[in-house]
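So the structure is just underneath, and the comments pick up after that.
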Amino acid sequence: MNEKEKLLLTLIEGNPFMSQQELAEKSGMSRSAVAGYISNLIKEGRILGRAYVLPGKKGVMCIGGANIDRKLQLHDEFLPETSNPAVSSQASGGVARNIAENLGRIGLQSCLLTVVGDDTEGSWLLNQTRNFVDVSASVSLFKHTTGTYSAILNKQGEMMFALADMELNESVDIGFIEKRWGTIASSEMVLLDTNFPADVLSYIIKRCQSEGIPLTVVPVSAPKVKKLPPSLEGVTWFICNKGEAEAYLGMTIDTEGDYFKAAKIITQKGAERVVITRGDKGLVYYRVYKEASAILPPEVKVIDVTGAGDALVAGIIYGYLKGSDTEGACRIGITCSSLTLQSAHTVSPSLTKGKLQQYFSLYY
């Protein structure tokens, strides 16, 4: 959006019924020029036509991966170089998709911008997701295969290793995002995972910064965190785990002091609030205003760790948009995560707004 379009939007906000002739007189432009800019603003979704209705900010736009999750959990201890008995399951997955569904389940409007293949898996994935999420911005790509994520869990439900086929996401370019920016800009917050190419991530971060759109960044994995630019200016929340923080900063985190040091460095790169998770030891957070603390999680029976981090992010976003301070938002996130740990599902079907309120009161 250029300066003249910004000026016209400001004038329209002051009087949505202003004619194009009046807009021309007040802006110092010709009437034909105003008409052209108005047409562009309508196409971008920044205004909704006569009498120039401005779209209200609503919900969270989740941008990033959606894929088929396949999990195999061992019955006993893993034995190399032989067949190991296991139980398998398949579910909807993808970091941005999971966060969007968690948000929908706890009562916050969410929209998913992702790509899937034009195959049976892609159709199934979007159909499963639309029960809780607006998927109208998502796209099925012709002659592409839907992404898959396969995790091997030990008998305790902890991930041993995982394999991801996400080549589909490399087809997303800046033009793809530009065409959908009107929908993105109408959100209260943008959630961005790092499944798309590096230049796309940088573009979204810079544009959110320039337009004042709150932005949460979730790195997805240690290899993919390296796609992020050195500057995180414009990032409201940066939420990662230990391995992702180490990979992004090129440092080793051993002690609690190291966690706070790493979080502080990330704020110095531009992020306003940083959360680094520590598994069963909870998380640490650090704000650019030098507010920092560690929060321990409640003791729960862990059935499956898959998806707990995505639930944490959804809870933090929910708390933040509902007016909680940094610590309060993190406690809400931990509550969502704890409920998910007690479920065999990547996104817990028992997670609701009522359940969140009930267990938050129990835990904190």
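Labels used: A, B, ... for chains in the order of the structure tokens, numbers from 1 for residues in each chain, and numbers from 1 for ligands as shown.
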
- Task: Determine, counting only C-alpha atoms, which protein, DNA and RNA residues have an atom within 6 Å of an atom of stretch 84-97 of chain A; residues of the same chain fewer than 3 positions away are not included. Present the result as a ChimeraX atom specification.
- Result: /A:62-75,100,125

So that I can check the surroundings of A:Met251, please list as a PDB file with N, CA and C atoms, in the first residue's frame every protein, DNA and RNA residue that reaches within 12 Å of it, counting only C-alpha atoms and ignoring chain neighbours fewer than 3 positions away.
ATOM      1  N   LYS A 242      14.194 -25.428  22.861  1.00  0.00           N
ATOM      2  CA  LYS A 242      15.637 -25.308  23.099  1.00  0.00           C
ATOM      3  C   LYS A 242      16.444 -25.520  21.819  1.00  0.00           C
ATOM      4  N   GLY A 243      16.163 -26.602  21.096  1.00  0.00           N
ATOM      5  CA  GLY A 243      16.930 -26.906  19.891  1.00  0.00           C
ATOM      6  C   GLY A 243      16.796 -25.835  18.823  1.00  0.00           C
ATOM      7  N   GLU A 244      15.603 -25.273  18.690  1.00  0.00           N
ATOM      8  CA  GLU A 244      15.375 -24.221  17.698  1.00  0.00           C
ATOM      9  C   GLU A 244      16.114 -22.941  18.077  1.00  0.00           C
ATOM     10  N   ALA A 245      16.113 -22.608  19.363  1.00  0.00           N
ATOM     11  CA  ALA A 245      16.845 -21.419  19.821  1.00  0.00           C
ATOM     12  C   ALA A 245      18.338 -21.593  19.594  1.00  0.00           C
ATOM     13  N   GLU A 246      18.852 -22.791  19.897  1.00  0.00           N
ATOM     14  CA  GLU A 246      20.278 -23.052  19.696  1.00  0.00           C
ATOM     15  C   GLU A 246      20.647 -22.928  18.216  1.00  0.00           C
ATOM     16  N   ALA A 247      19.815 -23.477  17.351  1.00  0.00           N
ATOM     17  CA  ALA A 247      20.103 -23.442  15.914  1.00  0.00           C
ATOM     18  C   ALA A 247      20.042 -22.021  15.368  1.00  0.00           C
ATOM     19  N   TYR A 248      19.079 -21.243  15.821  1.00  0.00           N
ATOM     20  CA  TYR A 248      18.920 -19.876  15.314  1.00  0.00           C
ATOM     21  C   TYR A 248      20.069 -18.981  15.770  1.00  0.00           C
ATOM     22  N   ASP A 254      22.635 -24.853  28.134  1.00  0.00           N
ATOM     23  CA  ASP A 254      22.798 -25.904  29.145  1.00  0.00           C
ATOM     24  C   ASP A 254      22.089 -25.556  30.451  1.00  0.00           C
ATOM     25  N   ASP A 258      21.393 -19.855  30.621  1.00  0.00           N
ATOM     26  CA  ASP A 258      21.544 -19.880  29.171  1.00  0.00           C
ATOM     27  C   ASP A 258      20.205 -19.637  28.469  1.00  0.00           C
ATOM     28  N   TYR A 259      19.138 -20.193  29.043  1.00  0.00           N
ATOM     29  CA  TYR A 259      17.808 -19.979  28.454  1.00  0.00           C
ATOM     30  C   TYR A 259      17.472 -18.485  28.431  1.00  0.00           C
ATOM     31  N   LYS A 261      19.566 -15.993  28.650  1.00  0.00           N
ATOM     32  CA  LYS A 261      20.510 -15.302  27.769  1.00  0.00           C
ATOM     33  C   LYS A 261      20.062 -15.416  26.317  1.00  0.00           C
ATOM     34  N   ALA A 262      19.668 -16.628  25.920  1.00  0.00           N
ATOM     35  CA  ALA A 262      19.209 -16.846  24.547  1.00  0.00           C
ATOM     36  C   ALA A 262      17.961 -16.026  24.249  1.00  0.00           C
ATOM     37  N   ALA A 263      17.011 -16.023  25.190  1.00  0.00           N
ATOM     38  CA  ALA A 263      15.775 -15.264  24.990  1.00  0.00           C
ATOM     39  C   ALA A 263      16.071 -13.770  24.874  1.00  0.00           C
ATOM     40  N   ILE A 265      18.839 -12.390  23.757  1.00  0.00           N
ATOM     41  CA  ILE A 265      19.479 -12.131  22.463  1.00  0.00           C
ATOM     42  C   ILE A 265      18.422 -12.059  21.358  1.00  0.00           C
ATOM     43  N   ILE A 266      17.418 -12.923  21.448  1.00  0.00           N
ATOM     44  CA  ILE A 266      16.370 -12.915  20.421  1.00  0.00           C
ATOM     45  C   ILE A 266      15.571 -11.612  20.491  1.00  0.00           C
TER      46      ILE A 266
END

- Task: Name all residues at most 12 Å from stretch 194-201 of chain A (count only C-alpha atoms; drop same-chain ones fewer than 5 positions away) and give them as a ChimeraX atom specification.
- Result: /A:62-67,94-97,113-115,147,164-178,206-208,215-232,235,238-240,244

- Exercise: A:Leu321 partners within 12 Å, only C-alpha atoms, chain neighbours under 4 positions left out, as an MDAnalysis selection string: chainID A and resid 57:60 103 107:109 187:190 214:216 236:237 314:317 325:326 328:329 332

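Between A:Ile99 and the residues A:Thr346, A:Ser202, A:Thr335, A:Gln21, the shortest atom-to-atom distance, using only C-alpha atoms, involves A:Thr346.
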
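The coordinates place atom CA of A:Asn15 at 17.2 Å from atom CA of A:Arg31.
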
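By only C-alpha atoms, and with residues fewer than 6 positions from A:Glu77 along its chain excluded, the set lying at most 12 Å from it is Ser83, Asn84, Pro85, Ala86, Leu153, Asn154, Lys155, Gln156, Gly157, Glu158 and Met160 of chain A.
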
- Task: Please measure the separation of atom CA of A:Val133 and atom CA of A:Ile276, giving the value in Å to one decimal.
- Result: 26.8 Å

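Here the DSSP assignment of strand (DSSP E), based on backbone atoms, applies within stretch 18-124 of chain A to Val60, Met61, Cys62, Ile63, Asn67, Ile68, Asp69, Arg70, Lys71, Leu72, Gln73, Leu74, Ala86, Val87, Ser88, Ser89, Gln90, Ala91, Ser92, Gly93, Ser110, Cys111, Leu112, Leu113, Val115, Val116 and Gly117 of chain A.
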
- Note on the structure: Expressed in Å, the length from atom CA of A:Gln20 to atom CA of A:Met1 is 18.7 Å

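Considering the residues A:Lys179, A:Phe161, A:Ser140, A:Pro80 and counting only C-alpha atoms, A:Lys43 has its shortest atom-to-atom contact with A:Lys179.
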
- Message: Can you pull out every residue from stretch 141-244 of chain A that DSSP, working from the backbone, puts in helix (DSSP H, G or I), and format the result as a PyMOL selection string?
- Response: chain A and resi 167-171+174-179+181-185+198-211+222-225+242-244
